[in-house]
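A.B. asks: Have a look at this one before I ask anything.
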Amino acid sequence: MSLTIIPSIDLRGGQVVRLRQGDYSQQLNYAVDPIETAQQFQQAGAKWIHIVDLDGAKEGRPAQVELIRKIIAAVDVSVEVGGGVRSTDDVKALLGAGAQRVVVGTKALEAWDWFRELCHQPEMSDRLILAVDAKDGMVATRGWTHTTNVSAEELARQVSDWPLGALLYTDVAKDGMMTGPNYANTARLAQAGKVPVIASGGIGNINHVRETKKTGAWGCIIGRSLYEGTVKLEEALKVAAE
């Protein structure tokens, strides 16, 4: 089974950055242009790009829509976008900016009936990604500051037959640390239902890509290690396609 490699562009104040474990006080800045970065990802062979609006995540509304629109217009690949999506209008704004899929996290879990109804609208089929962030296997919301009593695996089973584009699974302890994803929990989620699973957080070297491939995940997001040179995108794409 092949694995889809999804390079990530995390935006804050129009700049490409990375947060360790989602902590805004542990920000790493990269002196790269976001539009040129997206074009380089395309040139390397990526078919998908993942964009996170960190200002949006903090403010609770998409805050960098115009920049995201410019990035999407500059490439000919599929783009998924998340960060601060709290309403149907937010989803439509990002789809209108050219996003193929929109990631919804906290709001989906706190307004479950709204999210279920939105997912089942015909025009939203395969256009929404449910972000499943977990601490010790339990779903976390509100920038990972609140841990619920629902397990990530249980949540995956609940939405198994929904017309979702994917489940975006992040183990909070692994994010931005480059020590490898949580393979066991990724595999559990991949086996829990029919919705494709994207593993996010922790890829630090090419062996992490190989191990993630064994979990049955559909996709894998790579961020910090691309910017710091510990993973080359071309090599990751080659390993994932083997």
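In the structure tokens, the first chain shown is A, the next is B, and so on; residue numbers restart at 1 for each chain, and ligands run from 1 in the order shown.
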Residues of stretch 3-183 of chain A in alpha helix (DSSP H) according to DSSP, as number ranges by chain?
C.D. replies: A: 34-44, 54-59, 65-73, 88-96, 106-110, 112-119, 152-158, 183
A.B. asks: For atom CA of A:Ala184 and atom CA of A:Ile203, determine how far apart the two atoms are, in Å to one decimal place.
C.D. replies: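 So the two atoms, atom CA of A:Ala184 and atom CA of A:Ile203, lie 14.6 Å apart.
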A.B. asks: With distances taken over only C-alpha atoms, which of A:Ile72, A:Val16, A:Glu123, A:Glu211 is nearest to A:Val91?
C.D. replies: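 Result for the nearest residue to A:Val91: A:Glu123.
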A.B. asks: May I have the residues within 12 Å of A:Lys107 as a tab-separated table (two decimals) with N, CA and C atoms, in the first residue's frame, using only C-alpha atoms and disregarding those fewer than 4 positions away in the same chain?
C.D. replies:
```
chain	number	residue	atom	x	y	z
A	57	ALA	N	-6.03	29.63	14.13
A	57	ALA	CA	-6.24	28.69	15.24
A	57	ALA	C	-6.30	29.43	16.57
A	60	GLY	N	-9.57	31.84	16.44
A	60	GLY	CA	-10.86	31.18	16.31
A	60	GLY	C	-11.61	31.55	15.04
A	61	ARG	N	-10.86	31.98	14.03
A	61	ARG	CA	-11.44	32.26	12.70
A	61	ARG	C	-10.30	32.29	11.70
A	82	GLY	N	-6.35	24.13	7.36
A	82	GLY	CA	-6.99	24.14	8.67
A	82	GLY	C	-6.50	25.31	9.50
A	83	GLY	N	-7.16	25.50	10.65
A	83	GLY	CA	-6.77	26.56	11.57
A	83	GLY	C	-7.88	27.55	11.80
A	84	GLY	N	-8.57	27.43	12.93
A	84	GLY	CA	-9.59	28.42	13.30
A	84	GLY	C	-10.93	28.25	12.62
A	85	VAL	N	-11.18	27.10	12.03
A	85	VAL	CA	-12.47	26.88	11.35
A	85	VAL	C	-13.55	26.61	12.39
A	86	ARG	N	-14.50	27.54	12.50
A	86	ARG	CA	-15.52	27.44	13.55
A	86	ARG	C	-16.95	27.51	13.02
A	87	SER	N	-17.12	27.69	11.71
A	87	SER	CA	-18.49	27.84	11.17
A	87	SER	C	-18.55	27.36	9.73
A	88	THR	N	-19.79	27.20	9.26
A	88	THR	CA	-20.00	26.82	7.86
A	88	THR	C	-19.43	27.89	6.94
A	90	ASP	N	-16.83	29.76	7.51
A	90	ASP	CA	-15.37	29.58	7.49
A	90	ASP	C	-14.98	28.49	6.49
A	91	VAL	N	-15.72	27.38	6.52
A	91	VAL	CA	-15.45	26.27	5.59
A	91	VAL	C	-15.60	26.76	4.16
A	103	VAL	N	-9.92	21.38	7.16
A	103	VAL	CA	-9.77	20.65	8.42
A	103	VAL	C	-10.59	21.34	9.51
A	111	ALA	N	-19.47	21.00	18.68
A	111	ALA	CA	-20.80	21.18	18.07
A	111	ALA	C	-21.02	20.00	17.11
A	112	TRP	N	-21.10	18.82	17.70
A	112	TRP	CA	-21.12	17.57	16.93
A	112	TRP	C	-22.29	17.50	15.94
A	113	ASP	N	-23.48	17.93	16.36
A	113	ASP	CA	-24.66	17.87	15.48
A	113	ASP	C	-24.45	18.75	14.25
A	114	TRP	N	-23.86	19.94	14.47
A	114	TRP	CA	-23.57	20.85	13.36
A	114	TRP	C	-22.60	20.19	12.38
A	115	PHE	N	-21.55	19.59	12.91
A	115	PHE	CA	-20.53	18.99	12.05
A	115	PHE	C	-21.09	17.80	11.27
A	116	ARG	N	-21.87	16.97	11.96
A	116	ARG	CA	-22.46	15.80	11.29
A	116	ARG	C	-23.36	16.24	10.13
A	118	LEU	N	-23.23	19.12	8.50
A	118	LEU	CA	-22.40	19.73	7.46
A	118	LEU	C	-21.74	18.66	6.60
A	130	LEU	N	-11.70	15.67	9.60
A	130	LEU	CA	-11.88	15.79	11.04
A	130	LEU	C	-10.51	15.65	11.72
A	131	ALA	N	-10.09	16.70	12.43
A	131	ALA	CA	-8.82	16.66	13.16
A	131	ALA	C	-9.03	15.92	14.47
A	132	VAL	N	-8.27	14.85	14.65
A	132	VAL	CA	-8.33	14.06	15.88
A	132	VAL	C	-6.99	14.23	16.58
A	140	ALA	N	-8.12	15.61	22.43
A	140	ALA	CA	-7.86	16.91	23.05
A	140	ALA	C	-8.38	18.02	22.14
A	141	THR	N	-8.91	19.08	22.73
A	141	THR	CA	-9.45	20.20	21.96
A	141	THR	C	-8.87	21.52	22.47
A	142	ARG	N	-9.31	22.62	21.84
A	142	ARG	CA	-8.92	23.98	22.24
A	142	ARG	C	-7.41	24.14	22.34
A	143	GLY	N	-6.75	23.85	21.18
A	143	GLY	CA	-5.28	23.99	21.15
A	143	GLY	C	-4.60	23.04	22.11
```
A.B. asks: Please indicate the distance in Å from atom CA of A:Gly137 to atom CA of A:Ser151, rounded to one decimal place.
C.D. replies: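 Atom CA of A:Gly137 sits 5.7 Å away from atom CA of A:Ser151.
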A.B. asks: What's around A:Met178 at 12 Å? Count only C-alpha atoms, leave out sequence neighbours fewer than 6 positions away in its own chain, and write the answer as a list in words.
C.D. replies: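 With the cut-off at 12 Å, the set is Arg18, Leu19, Arg20, Gln21, Ser200, Gly201, Gly202, Ile203, Gly204, Asn205, Ile206, Asn207, His208, Val209, Ile221, Ile222, Gly223, Arg224, Ser225, Leu226, Tyr227, Glu228, Gly229, Thr230 and Val231 of chain A.
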A.B. asks: I'd like the neighbourhood of A:Ala190 as a VMD selection string, where a residue qualifies if any of its atoms comes within 6 Å (using only C-alpha atoms), though same-chain residues fewer than 2 positions away should be ignored.
C.D. replies: chain A and resid 187 to 188 192 197 216 to 217
A.B. asks: Which residue gives the smallest distance to A:Val159 among A:Met138, A:Ala173, A:Ile129, A:Leu94, with only C-alpha atoms counted?
C.D. replies: A:Ile129
A.B. asks: Show which residues sit within 8 Å of A:Leu189, as a compact mmCIF listing (two decimals) with N, CA and C atoms, in the first residue's frame. Count only C-alpha atoms, and ignore same-chain residues fewer than 3 positions away.
C.D. replies:
```txt
# COMPACT_ATOMS: atom_id res chain seq x y z
N ALA A 152 -9.59 8.47 20.81
CA ALA A 152 -9.44 8.73 19.37
C ALA A 152 -10.01 7.57 18.56
N GLU A 153 -9.78 6.36 19.04
CA GLU A 153 -10.26 5.16 18.34
C GLU A 153 -11.80 5.12 18.31
N ALA A 156 -13.06 7.57 15.78
CA ALA A 156 -12.90 7.06 14.42
C ALA A 156 -14.01 6.08 14.06
N ASN A 185 -1.10 3.82 17.72
CA ASN A 185 -2.41 4.47 17.68
C ASN A 185 -2.83 4.84 16.26
N THR A 186 -1.86 5.19 15.41
CA THR A 186 -2.18 5.47 14.01
C THR A 186 -2.78 4.23 13.36
N ALA A 192 -9.92 1.25 12.45
CA ALA A 192 -11.20 1.46 13.16
C ALA A 192 -12.37 1.74 12.24
N GLY A 193 -12.10 2.14 11.00
CA GLY A 193 -13.20 2.46 10.10
C GLY A 193 -12.75 2.64 8.67
N VAL A 197 -6.95 7.71 7.03
CA VAL A 197 -6.27 8.37 8.16
C VAL A 197 -4.98 9.02 7.68
```
A.B. asks: For atom CA of A:Glu59 and atom CA of A:Gly13, determine how far apart the two atoms are, in Å to one decimal place.
C.D. replies: 12.2 Å
